[in-house]
>>> print(open('final_34.tsv').read())   # TSV, C-alpha atoms and all ligand atoms
chain	number	residue	atom	x	y	z
A	15	MET	CA	7.06	13.92	21.20
A	16	SER	CA	4.85	11.39	19.48
A	17	LYS	CA	4.44	10.93	15.76
A	18	ILE	CA	1.36	12.71	14.45
A	19	PHE	CA	0.69	10.04	11.84
A	20	VAL	CA	0.84	7.17	14.35
A	21	ASP	CA	-1.37	9.13	16.77
A	22	ALA	CA	-3.96	9.69	14.05
A	23	CYS	CA	-3.96	5.96	13.17
A	24	LEU	CA	-4.72	5.21	16.82
A	25	ARG	CA	-7.41	7.93	17.02
A	26	LYS	CA	-5.43	10.05	19.46
A	27	PRO	CA	-5.80	13.85	19.26
A	28	THR	CA	-3.48	15.59	16.75
A	29	PRO	CA	-2.86	19.31	16.02
A	30	TYR	CA	-4.10	18.78	12.44
A	31	THR	CA	-5.05	15.83	10.22
A	32	PRO	CA	-1.85	14.24	8.86
A	33	VAL	CA	-1.44	13.62	5.14
A	34	TRP	CA	0.59	11.39	2.85
A	35	MET	CA	0.10	10.23	-0.75
A	36	MET	CA	0.12	6.72	-2.15
A	37	ARG	CA	3.04	6.45	-4.61
A	38	GLN	CA	4.48	9.68	-3.18
A	39	ALA	CA	8.05	8.57	-3.98
A	40	GLY	CA	8.08	8.28	-7.73
A	41	ARG	CA	8.32	9.54	-11.25
A	42	TYR	CA	6.57	12.93	-10.79
A	43	LEU	CA	9.66	13.98	-8.79
A	44	PRO	CA	12.71	14.94	-10.93
A	45	GLU	CA	14.84	14.11	-7.88
A	46	TYR	CA	13.47	10.53	-7.98
A	47	MET	CA	14.25	10.21	-11.69
A	48	ALA	CA	17.86	11.30	-11.00
A	49	VAL	CA	18.34	8.62	-8.32
A	50	ARG	CA	16.66	5.94	-10.46
A	51	LYS	CA	19.08	6.82	-13.26
A	52	GLN	CA	21.98	6.48	-10.85
A	53	ALA	CA	20.68	3.01	-9.82
A	54	GLY	CA	20.31	1.92	-13.47
A	55	ASN	CA	16.72	0.69	-13.19
A	56	PHE	CA	13.77	0.42	-10.83
A	57	LEU	CA	14.59	-3.03	-9.36
A	58	ASN	CA	18.21	-2.07	-8.74
A	59	LEU	CA	16.87	0.92	-6.83
A	60	CYS	CA	14.70	-1.36	-4.68
A	61	HIS	CA	17.78	-3.54	-4.02
A	62	ASN	CA	20.01	-0.65	-2.95
A	63	PRO	CA	19.24	0.38	0.68
A	64	ALA	CA	21.12	3.71	0.55
A	65	LEU	CA	19.36	4.87	-2.62
A	66	ALA	CA	15.97	3.41	-1.63
A	67	ALA	CA	16.22	5.31	1.67
A	68	GLU	CA	17.10	8.49	-0.22
A	69	VAL	CA	14.00	8.36	-2.42
A	70	THR	CA	11.82	7.40	0.57
A	71	ILE	CA	12.82	10.67	2.29
A	72	GLN	CA	12.46	12.88	-0.81
A	73	PRO	CA	8.69	13.55	-0.49
A	74	LEU	CA	9.11	14.54	3.17
A	75	ASP	CA	11.44	17.37	2.19
A	76	ILE	CA	10.01	18.28	-1.20
A	77	VAL	CA	6.27	17.83	-0.67
A	78	GLY	CA	5.98	18.11	3.14
A	79	VAL	CA	3.99	14.92	3.83
A	80	ASP	CA	3.63	13.70	7.43
A	81	ALA	CA	4.75	10.12	6.85
A	82	ALA	CA	7.32	8.33	4.70
A	83	ILE	CA	6.43	5.09	2.92
A	84	LEU	CA	9.24	2.61	2.44
A	85	PHE	CA	10.45	2.66	-1.15
A	86	SER	CA	10.09	-0.82	-2.61
A	87	ASP	CA	7.43	-2.67	-4.59
A	88	ILE	CA	4.78	-5.25	-3.72
A	89	LEU	CA	6.25	-7.61	-6.35
A	90	VAL	CA	9.58	-8.16	-4.55
A	91	VAL	CA	7.73	-10.88	-2.59
A	92	PRO	CA	6.91	-13.23	-5.50
A	93	ASN	CA	10.29	-12.29	-6.96
A	94	GLU	CA	12.06	-13.66	-3.87
A	95	MET	CA	9.75	-16.69	-3.82
A	96	GLY	CA	11.62	-17.55	-7.01
A	97	MET	CA	9.74	-15.84	-9.85
A	98	LYS	CA	12.00	-13.95	-12.24
A	99	LEU	CA	10.74	-10.36	-12.52
A	100	GLU	CA	11.43	-7.51	-14.91
A	101	PHE	CA	9.97	-4.01	-15.12
A	102	LEU	CA	9.71	-3.15	-18.82
A	103	ALA	CA	9.61	0.52	-19.78
A	104	GLY	CA	6.05	1.49	-20.72
A	105	GLU	CA	4.69	-1.98	-19.92
A	106	GLY	CA	5.19	-2.41	-16.19
A	107	PRO	CA	6.04	-5.61	-14.32
A	108	VAL	CA	6.46	-8.95	-16.12
A	109	PHE	CA	7.10	-12.38	-14.59
A	110	GLU	CA	9.01	-14.63	-16.98
A	111	LYS	CA	7.18	-17.82	-15.96
A	112	PRO	CA	3.67	-17.35	-14.50
A	113	VAL	CA	2.31	-19.90	-12.01
A	114	LYS	CA	0.05	-22.38	-13.83
A	115	THR	CA	0.14	-25.72	-12.01
A	116	GLU	CA	0.43	-27.22	-8.56
A	117	ALA	CA	4.02	-28.16	-9.35
A	118	ASP	CA	4.74	-24.50	-10.12
A	119	VAL	CA	3.44	-23.53	-6.66
A	120	ASP	CA	5.43	-26.29	-4.97
A	121	ALA	CA	8.59	-25.07	-6.70
A	122	LEU	CA	8.29	-21.60	-5.09
A	123	LEU	CA	10.14	-20.81	-1.88
A	124	GLY	CA	7.80	-20.36	1.08
A	125	GLY	CA	7.74	-19.16	4.70
A	126	GLU	CA	10.96	-18.09	6.40
A	127	GLU	CA	13.06	-19.15	3.43
A	128	ALA	CA	11.40	-16.58	1.17
A	129	ALA	CA	11.00	-13.90	3.86
A	130	ASN	CA	14.70	-14.15	4.71
A	131	LYS	CA	15.66	-13.32	1.13
A	132	LEU	CA	14.21	-9.82	1.44
A	133	THR	CA	17.16	-8.55	3.49
A	134	TYR	CA	17.56	-5.47	1.28
A	135	VAL	CA	14.10	-4.32	2.39
A	136	TYR	CA	14.94	-4.79	6.07
A	137	ASP	CA	18.29	-3.02	5.57
A	138	THR	CA	16.51	-0.08	3.91
A	139	ILE	CA	14.14	0.17	6.89
A	140	LYS	CA	16.99	0.08	9.42
A	141	LEU	CA	18.80	2.82	7.53
A	142	LEU	CA	15.62	4.89	7.29
A	143	LYS	CA	14.94	4.52	10.98
A	144	GLU	CA	18.41	5.90	11.77
A	145	GLN	CA	17.95	8.76	9.31
A	146	LEU	CA	14.43	9.65	10.47
A	147	ASP	CA	15.45	9.52	14.15
A	148	ALA	CA	18.40	11.82	13.40
A	149	ARG	CA	16.10	14.38	11.75
A	150	GLY	CA	14.06	14.59	14.95
A	151	ASP	CA	10.93	15.72	13.08
A	152	GLU	CA	8.86	12.72	14.21
A	153	LYS	CA	7.78	11.59	10.74
A	154	ALA	CA	6.48	8.04	10.76
A	155	LEU	CA	7.70	5.25	8.48
A	156	ILE	CA	5.06	3.10	6.76
A	157	GLY	CA	5.93	-0.45	5.69
A	158	PHE	CA	3.72	-2.29	3.21
A	159	THR	CA	2.79	-5.42	1.34
A	160	GLY	CA	0.44	-6.35	-1.44
A	161	ALA	CA	-2.59	-8.40	-0.37
A	162	PRO	CA	-2.18	-12.09	-1.32
A	163	TRP	CA	-4.91	-11.72	-3.98
A	164	THR	CA	-3.30	-8.68	-5.63
A	165	LEU	CA	0.09	-10.45	-5.62
A	166	ALA	CA	-1.50	-13.63	-7.00
A	167	THR	CA	-3.00	-11.72	-9.97
A	168	TYR	CA	0.53	-10.85	-11.14
A	169	MET	CA	1.91	-14.32	-10.33
A	170	ILE	CA	-0.82	-16.05	-12.34
A	171	GLU	CA	-1.25	-13.60	-15.22
A	172	GLY	CA	2.49	-12.85	-15.42
A	173	GLN	CA	1.78	-9.13	-15.77
A	174	GLY	CA	-0.87	-6.48	-15.27
A	175	THR	CA	-4.26	-7.38	-16.78
A	176	LYS	CA	-7.53	-5.70	-17.70
A	177	THR	CA	-9.70	-8.82	-17.59
A	178	TYR	CA	-8.03	-11.08	-14.96
A	179	ASN	CA	-9.29	-13.94	-17.10
A	180	ILE	CA	-6.48	-16.37	-16.25
A	181	CYS	CA	-6.82	-15.97	-12.49
A	182	LYS	CA	-10.61	-15.93	-12.64
A	183	LYS	CA	-10.62	-19.09	-14.71
A	184	MET	CA	-8.61	-20.62	-11.88
A	185	MET	CA	-11.00	-19.12	-9.28
A	186	TYR	CA	-14.01	-20.88	-10.77
A	187	SER	CA	-12.52	-24.03	-12.29
A	188	ASN	CA	-9.73	-24.83	-9.85
A	189	PRO	CA	-10.28	-22.87	-6.60
A	190	THR	CA	-8.09	-25.33	-4.68
A	191	LEU	CA	-5.08	-24.31	-6.72
A	192	LEU	CA	-5.82	-20.60	-6.24
A	193	HIS	CA	-6.16	-21.15	-2.49
A	194	LYS	CA	-2.87	-23.04	-2.48
A	195	ILE	CA	-1.15	-20.01	-4.05
A	196	LEU	CA	-2.90	-17.57	-1.69
A	197	ARG	CA	-1.98	-19.70	1.34
A	198	LYS	CA	1.69	-19.87	0.37
A	199	VAL	CA	1.85	-16.11	-0.26
A	200	THR	CA	0.01	-15.36	3.01
A	201	GLU	CA	2.55	-17.34	5.04
A	202	VAL	CA	5.43	-15.41	3.45
A	203	VAL	CA	3.68	-12.05	3.85
A	204	LYS	CA	3.00	-12.60	7.59
A	205	LEU	CA	6.72	-13.12	8.22
A	206	TYR	CA	7.70	-10.36	5.77
A	207	MET	CA	5.53	-7.82	7.60
A	208	GLU	CA	6.76	-9.05	10.96
A	209	LYS	CA	10.35	-8.55	9.84
A	210	GLN	CA	9.51	-5.07	8.54
A	211	ILE	CA	8.13	-4.25	12.01
A	212	GLN	CA	11.19	-5.71	13.74
A	213	SER	CA	13.40	-3.61	11.44
A	214	GLY	CA	11.64	-0.40	12.49
A	215	VAL	CA	8.49	0.55	10.55
A	216	ASP	CA	5.88	2.41	12.65
A	217	VAL	CA	2.77	1.42	10.66
A	218	VAL	CA	1.96	-1.15	7.95
A	219	GLN	CA	-0.41	-0.95	5.00
A	220	ILE	CA	-1.84	-3.87	3.02
A	221	PHE	CA	-2.63	-2.86	-0.58
A	222	ASP	CA	-5.42	-4.82	-2.25
A	223	SER	CA	-5.23	-2.78	-5.44
A	224	TRP	CA	-7.18	-5.28	-7.51
A	225	ALA	CA	-9.92	-6.12	-4.98
A	226	ALA	CA	-12.55	-4.92	-7.46
A	227	ALA	CA	-11.71	-7.72	-9.89
A	228	ILE	CA	-13.50	-10.20	-7.59
A	229	GLU	CA	-17.30	-10.42	-7.54
A	230	PRO	CA	-18.71	-9.35	-4.14
A	231	SER	CA	-19.87	-12.82	-3.08
A	232	LYS	CA	-16.35	-14.22	-3.60
A	233	TYR	CA	-14.32	-11.34	-2.11
A	234	ASP	CA	-14.20	-12.67	1.44
A	235	GLU	CA	-13.12	-16.11	0.37
A	236	PHE	CA	-10.37	-15.12	-2.05
A	237	SER	CA	-9.02	-11.94	-0.57
A	238	TRP	CA	-10.42	-10.35	2.55
A	239	SER	CA	-10.07	-13.47	4.77
A	240	TYR	CA	-6.34	-13.67	3.95
A	241	MET	CA	-5.84	-9.95	4.60
A	242	VAL	CA	-7.63	-10.21	7.94
A	243	GLU	CA	-5.52	-13.22	8.86
A	244	ILE	CA	-2.34	-11.21	8.22
A	245	ALA	CA	-3.66	-8.21	10.17
A	246	GLU	CA	-4.69	-10.38	13.11
A	247	TYR	CA	-1.34	-12.17	13.19
A	248	LEU	CA	0.42	-8.78	13.38
A	249	LYS	CA	-1.99	-7.13	15.85
A	250	GLU	CA	-1.72	-10.05	18.24
A	251	LYS	CA	2.09	-9.83	18.34
A	252	TYR	CA	2.52	-6.07	17.83
A	253	PRO	CA	-0.64	-4.39	19.15
A	254	HIS	CA	1.01	-0.93	19.18
A	255	ILE	CA	1.72	-1.03	15.41
A	256	PRO	CA	-1.26	0.33	13.43
A	257	VAL	CA	-2.43	-1.73	10.45
A	258	ILE	CA	-4.03	0.00	7.43
A	259	MET	CA	-6.18	-2.03	5.01
A	260	PHE	CA	-6.70	-0.68	1.48
A	261	PRO	CA	-9.09	-2.79	-0.59
A	262	LYS	CA	-9.57	-0.67	-3.70
A	263	GLY	CA	-12.94	-0.55	-5.45
A	264	ILE	CA	-15.25	-2.40	-3.08
A	265	SER	CA	-17.61	0.45	-2.16
A	266	ALA	CA	-20.68	-1.49	-3.29
A	267	PHE	CA	-20.21	-3.98	-0.45
A	268	ILE	CA	-18.05	-2.01	1.92
A	269	GLU	CA	-20.17	-2.88	4.97
A	270	ARG	CA	-20.83	-6.51	4.27
A	271	GLY	CA	-17.51	-8.19	4.07
A	272	LEU	CA	-15.56	-5.51	5.79
A	273	VAL	CA	-16.96	-4.68	9.18
A	274	TYR	CA	-14.81	-7.14	11.04
A	275	GLY	CA	-11.17	-7.78	11.60
A	276	ASN	CA	-8.58	-6.50	14.00
A	277	PHE	CA	-6.96	-3.52	12.31
A	278	ASP	CA	-6.90	0.23	12.79
A	279	VAL	CA	-7.30	2.18	9.56
A	280	PHE	CA	-9.47	1.60	6.51
A	281	GLY	CA	-8.17	3.12	3.27
A	282	VAL	CA	-11.04	4.64	1.29
A	283	ASP	CA	-10.61	4.67	-2.50
A	284	TRP	CA	-11.71	7.66	-4.59
A	285	GLY	CA	-14.82	5.89	-5.94
A	286	THR	CA	-16.34	5.62	-2.48
A	287	PRO	CA	-18.18	8.68	-1.09
A	288	MET	CA	-16.39	9.64	2.15
A	289	ALA	CA	-19.73	10.33	3.87
A	290	MET	CA	-20.85	6.76	3.13
A	291	ALA	CA	-17.55	5.31	4.38
A	292	LYS	CA	-17.89	7.38	7.54
A	293	GLU	CA	-21.45	6.26	8.14
A	294	LYS	CA	-20.66	2.59	7.61
A	295	LEU	CA	-17.15	2.22	9.01
A	296	GLY	CA	-16.21	5.45	10.80
A	297	ASN	CA	-17.07	4.29	14.30
A	298	LYS	CA	-14.89	1.24	13.99
A	299	TYR	CA	-11.93	2.37	11.92
A	300	VAL	CA	-9.96	5.54	11.31
A	301	LEU	CA	-10.53	6.40	7.63
A	302	GLN	CA	-7.72	7.27	5.22
A	303	GLY	CA	-8.34	9.08	1.96
A	304	ASN	CA	-9.74	9.80	-0.47
A	305	MET	CA	-9.17	12.55	-3.06
A	306	GLU	CA	-9.45	11.42	-6.70
A	307	PRO	CA	-5.75	11.55	-7.73
A	308	CYS	CA	-6.50	13.36	-11.01
A	309	ARG	CA	-7.77	16.37	-9.07
A	310	LEU	CA	-4.06	17.01	-8.49
A	311	TYR	CA	-3.90	18.36	-12.06
A	312	ASP	CA	-5.82	21.45	-10.90
A	313	LYS	CA	-5.19	23.42	-7.71
A	314	GLU	CA	-8.71	24.75	-7.40
A	315	ALA	CA	-10.22	21.28	-7.89
A	316	THR	CA	-7.81	20.06	-5.21
A	317	THR	CA	-8.74	22.71	-2.66
A	318	LYS	CA	-12.46	22.11	-3.19
A	319	CYS	CA	-12.08	18.39	-2.60
A	320	VAL	CA	-9.88	18.82	0.47
A	321	GLN	CA	-12.45	21.20	1.97
A	322	GLY	CA	-15.25	18.77	1.15
A	323	ILE	CA	-13.49	15.85	2.82
A	324	GLN	CA	-12.65	18.01	5.83
A	325	SER	CA	-16.27	19.11	6.20
A	326	ILE	CA	-17.31	15.45	6.38
A	327	MET	CA	-14.51	14.09	8.57
A	328	GLN	CA	-13.98	17.23	10.72
A	329	GLY	CA	-10.56	16.08	11.86
A	330	GLU	CA	-12.00	13.08	13.71
A	331	GLY	CA	-10.64	9.60	12.99
A	332	HIS	CA	-9.18	10.72	9.68
A	333	ILE	CA	-5.93	10.72	7.68
A	334	PHE	CA	-5.76	12.65	4.41
A	335	ASN	CA	-4.55	10.76	1.33
A	336	LEU	CA	-5.42	10.25	-2.30
A	337	GLY	CA	-7.95	7.58	-3.25
A	338	HIS	CA	-5.15	5.79	-5.21
A	339	GLY	CA	-1.60	6.60	-6.33
A	340	ILE	CA	-0.31	9.93	-7.67
A	341	LEU	CA	0.34	9.83	-11.44
A	342	PRO	CA	3.76	10.58	-12.98
A	343	ASP	CA	2.72	13.76	-14.87
A	344	VAL	CA	1.35	15.67	-11.88
A	345	PRO	CA	3.24	18.96	-11.32
A	346	VAL	CA	5.22	18.83	-8.08
A	347	GLU	CA	3.83	22.22	-7.02
A	348	ASN	CA	0.28	20.81	-7.18
A	349	ALA	CA	1.27	17.94	-4.87
A	350	ILE	CA	2.75	20.50	-2.47
A	351	HIS	CA	-0.48	22.50	-2.71
A	352	PHE	CA	-2.55	19.40	-1.80
A	353	VAL	CA	-0.44	18.65	1.27
A	354	LYS	CA	-0.49	22.27	2.47
A	355	GLU	CA	-4.25	22.53	1.99
A	356	CYS	CA	-4.89	19.34	4.01
A	357	GLN	CA	-2.72	20.66	6.83
A	358	ARG	CA	-4.29	24.17	6.64
A	359	VAL	CA	-7.98	23.28	6.57
A	360	SER	CA	-7.67	20.75	9.40
A	361	LYS	CA	-5.54	22.87	11.76
A	362	LYS	CA	-7.11	22.96	15.23
A	401	LIG	O1	4.10	4.65	-2.50
A	401	LIG	C1	5.34	4.83	-2.58
A	401	LIG	O2	5.85	5.91	-2.86
A	401	LIG	C2	6.23	3.68	-2.19
A	401	LIG	C3	6.65	2.82	-3.23
A	401	LIG	C4	5.69	1.91	-3.97
A	401	LIG	C5	5.91	1.54	-5.31
A	401	LIG	N1	5.00	0.59	-5.65
A	401	LIG	C6	6.97	2.07	-6.16
A	401	LIG	C7	6.88	1.91	-7.62
A	401	LIG	C8	4.56	1.21	-3.52
A	401	LIG	C9	3.84	1.29	-2.18
A	401	LIG	C10	4.15	0.38	-4.60
A	401	LIG	C11	3.02	-0.55	-4.50
A	401	LIG	C12	2.54	-1.24	-5.71
A	401	LIG	N2	3.26	-1.76	-6.73
A	401	LIG	C13	1.18	-1.56	-5.92
A	401	LIG	C14	0.05	-1.25	-4.97
A	401	LIG	C15	-0.30	0.19	-4.96
A	401	LIG	C16	-1.11	0.67	-6.10
A	401	LIG	O3	-0.64	1.61	-6.77
A	401	LIG	O4	-2.19	0.12	-6.33
A	401	LIG	C17	1.10	-2.24	-7.16
A	401	LIG	C18	-0.15	-2.75	-7.80
A	401	LIG	C19	2.43	-2.36	-7.65
A	401	LIG	C20	2.86	-3.06	-8.88
A	401	LIG	C21	3.56	-2.16	-9.81
A	401	LIG	N3	4.79	-1.58	-9.59
A	401	LIG	C22	3.13	-1.74	-11.09
A	401	LIG	C23	1.80	-2.15	-11.72
A	401	LIG	C24	4.10	-0.91	-11.61
A	401	LIG	C25	4.15	-0.32	-12.99
A	401	LIG	C26	3.13	0.72	-13.18
A	401	LIG	C27	3.68	2.02	-12.75
A	401	LIG	O5	3.00	2.76	-12.02
A	401	LIG	O6	4.77	2.32	-13.23
A	401	LIG	C28	5.12	-0.77	-10.64
A	401	LIG	C29	6.34	0.04	-10.75
A	401	LIG	C30	6.62	1.02	-9.65
A	401	LIG	N4	6.48	0.81	-8.31
A	401	LIG	C31	7.13	2.32	-9.83
A	401	LIG	C32	7.31	2.88	-8.56
A	401	LIG	C33	7.88	4.22	-8.21
A	401	LIG	C34	7.49	2.95	-11.15
A	401	LIG	C35	8.82	2.40	-11.55
A	401	LIG	C36	9.63	3.39	-12.30
A	401	LIG	O7	10.39	4.14	-11.67
A	401	LIG	O8	9.52	3.39	-13.53
>>> encode(input="final_34.tsv", output="structure tokens")
Amino acid sequence: MSKIFVDACLRKPTPYTPVWMMRQAGRYLPEYMAVRKQAGNFLNLCHNPALAAEVTIQPLDIVGVDAAILFSDILVVPNEMGMKLEFLAGEGPVFEKPVKTEADVDALLGGEEAANKLTYVYDTIKLLKEQLDARGDEKALIGFTGAPWTLATYMIEGQGTKTYNICKKMMYSNPTLLHKILRKVTEVVKLYMEKQIQSGVDVVQIFDSWAAAIEPSKYDEFSWSYMVEIAEYLKEKYPHIPVIMFPKGISAFIERGLVYGNFDVFGVDWGTPMAMAKEKLGNKYVLQGNMEPCRLYDKEATTKCVQGIQSIMQGEGHIFNLGHGILPDVPVENAIHFVKECQRVSKK
């Protein structure tokens, strides 16, 4: 038996359109909160393969999604490059010492040295592969990374930002330094994703959550070119492993910078009309998405949207997902409703 999610990524026929949700393992699940408590905090949970595997599997059993996404965080990469990281309650991630100068970049670990420090991620994947194989239900495992640009925003700003003013100041006044950071991160990410594949993930996704912070004429140079380089490195060595690209918020120039690159699935954010994405990219890439995550607060609003997406995509070259991550206060039963509706309306 083949995995429905992997088949859909490769545009092979499937009995229905598979569905998963970005951030599906997380705070909206009481079972997740219990395991996080047991771990002590979020980073400890990422560092503990047995517990990270447990929370990865939770949404398969509780919500019924068709794929598991490795439980970790995009920021473990700069963390293992040597940047001290903390997740503060109510504030999110904070790096103690943001990257400001060339010397700061030179002081970071790069390449194999950094990628080899992420053993807890590879151990989690190996454990998950054993557990998923033993279940025999053919659910795929998705590995992931942040895009170099999205990672660099945290490394340079030191935390989440509304204005991106520190990294944009660097973009316009010292682009060489920004490229030096992006280059170093890209080299680590290539090896990191390769090691995730060697450890057993079936599919990989590259999250460019903060793509929209870059003006359209600069997007290729500072983000998309690095993402494509990573995808092409992986596709050349592991052609059977689907690659999903998720640049969030670029609908205004979706066709310009984005209709090239060797990858399989394009993640459509909730601000992009699915019909437009289909028209512009649907012949080239399988499309993943794109319900506005806040529709999950209402079952009727959810059903309407799922039906609307289905009527556009018609089960061809499509994977159901949200157009960004699920929020912590969504009722679990509404998430279950979303998943069931996607599977119901697309059943062949
Ligand atoms: O999707 C999944 O279920 C897998 C796990 C996953 C997490 N983070 C767990 C997490 C994945 C794929 C991520 C990716 C991630 N992390 C992104 C890209 C995806 C996106 O949402 O755009 C980004 C930008 C981050 C950085 C990050 N991590 C932030 C900004 C925060 C704090 C904000 C928040 O939502 O709490 C985190 C923390 C984080 N990562 C949590 C989880 C479950 C919450 C931690 C907790 O338990 O308190």
>>> closest_residue(input="final_34.tsv", among="A:Ile156, A:Met97, A:Ile350, A:Ile195", to="ligand LIG 401 (chain A)", atoms="all atoms listed in the file")
A:Ile156
>>> closest_atom_pairs(input="final_34.tsv", of="chain A", to="ligand LIG 401 (chain A)", cutoff="6 Å", atoms="only C-alpha atoms and all ligand atoms", output="tab-separated table")
residue	atom	partner	partner_atom	distance
A:Met36	CA	A:LIG401	O1	4.5
A:Arg37	CA	A:LIG401	O1	3.0
A:Gln38	CA	A:LIG401	O2	4.0
A:Ala39	CA	A:LIG401	O2	3.6
A:Gly40	CA	A:LIG401	C33	4.1
A:Arg41	CA	A:LIG401	O7	5.8
A:Phe56	CA	A:LIG401	O7	5.1
A:Ile83	CA	A:LIG401	C2	5.3
A:Leu84	CA	A:LIG401	C2	5.6
A:Phe85	CA	A:LIG401	C3	4.3
A:Ser86	CA	A:LIG401	C3	5.0
A:Asp87	CA	A:LIG401	N1	4.2
A:Ile88	CA	A:LIG401	N2	4.9
A:Gly106	CA	A:LIG401	C25	4.0
A:Pro107	CA	A:LIG401	C24	5.8
A:Phe221	CA	A:LIG401	C14	5.4
A:Ser223	CA	A:LIG401	O4	4.3
A:Gly339	CA	A:LIG401	O3	5.1
>>> residues_around(input="final_34.tsv", residues="A:Pro27", least_positions_apart="6", cutoff="10 Å", atoms="only C-alpha atoms", output="PyMOL selection string")
chain A and resi 18+21+329-331
>>> atom_distance(input="final_34.tsv", atom1="atom CA of A:Gly281", atom2="atom CA of A:Asp147")
26.8 Å
>>> atom_distance(input="final_34.tsv", atom1="atom CA of A:Ser239", atom2="atom CA of A:Arg197")
10.8 Å
>>> build_atoms(input="final_34.tsv", residues="stretch 162-180 of chain A", atoms="N, CA and C atoms", output="CSV table (one decimal), in the coordinates of the input")
chain,number,residue,atom,x,y,z
A,162,PRO,N,-2.4,-10.9,-0.6
A,162,PRO,CA,-2.2,-12.1,-1.3
A,162,PRO,C,-2.9,-12.1,-2.7
A,163,TRP,N,-4.2,-11.7,-2.7
A,163,TRP,CA,-4.9,-11.7,-4.0
A,163,TRP,C,-4.2,-10.8,-5.0
A,164,THR,N,-3.9,-9.6,-4.7
A,164,THR,CA,-3.3,-8.7,-5.6
A,164,THR,C,-2.0,-9.3,-6.1
A,165,LEU,N,-1.2,-9.8,-5.2
A,165,LEU,CA,0.1,-10.4,-5.6
A,165,LEU,C,-0.2,-11.6,-6.5
A,166,ALA,N,-1.2,-12.4,-6.2
A,166,ALA,CA,-1.5,-13.6,-7.0
A,166,ALA,C,-1.9,-13.3,-8.4
A,167,THR,N,-2.6,-12.1,-8.6
A,167,THR,CA,-3.0,-11.7,-10.0
A,167,THR,C,-1.8,-11.6,-10.9
A,168,TYR,N,-0.7,-11.0,-10.3
A,168,TYR,CA,0.5,-10.8,-11.1
A,168,TYR,C,1.2,-12.2,-11.3
A,169,MET,N,1.2,-13.0,-10.3
A,169,MET,CA,1.9,-14.3,-10.3
A,169,MET,C,1.3,-15.2,-11.4
A,170,ILE,N,-0.1,-15.2,-11.5
A,170,ILE,CA,-0.8,-16.0,-12.3
A,170,ILE,C,-0.9,-15.5,-13.8
A,171,GLU,N,-1.1,-14.2,-13.9
A,171,GLU,CA,-1.2,-13.6,-15.2
A,171,GLU,C,0.1,-13.3,-15.8
A,172,GLY,N,1.1,-13.2,-15.0
A,172,GLY,CA,2.5,-12.8,-15.4
A,172,GLY,C,2.7,-11.4,-15.6
A,173,GLN,N,1.7,-10.6,-15.6
A,173,GLN,CA,1.8,-9.1,-15.8
A,173,GLN,C,0.5,-8.5,-15.4
A,174,GLY,N,0.4,-7.2,-15.5
A,174,GLY,CA,-0.9,-6.5,-15.3
A,174,GLY,C,-1.9,-7.0,-16.3
A,175,THR,N,-3.2,-6.9,-15.9
A,175,THR,CA,-4.3,-7.4,-16.8
A,175,THR,C,-5.5,-6.5,-16.7
A,176,LYS,N,-6.3,-6.4,-17.7
A,176,LYS,CA,-7.5,-5.7,-17.7
A,176,LYS,C,-8.7,-6.6,-17.3
A,177,THR,N,-8.6,-7.9,-17.7
A,177,THR,CA,-9.7,-8.8,-17.6
A,177,THR,C,-9.5,-9.8,-16.4
A,178,TYR,N,-8.3,-10.1,-16.0
A,178,TYR,CA,-8.0,-11.1,-15.0
A,178,TYR,C,-8.6,-12.5,-15.4
A,179,ASN,N,-8.6,-12.7,-16.7
A,179,ASN,CA,-9.3,-13.9,-17.1
A,179,ASN,C,-8.5,-15.2,-16.7
A,180,ILE,N,-7.2,-15.1,-16.6
A,180,ILE,CA,-6.5,-16.4,-16.2
A,180,ILE,C,-6.7,-16.7,-14.8
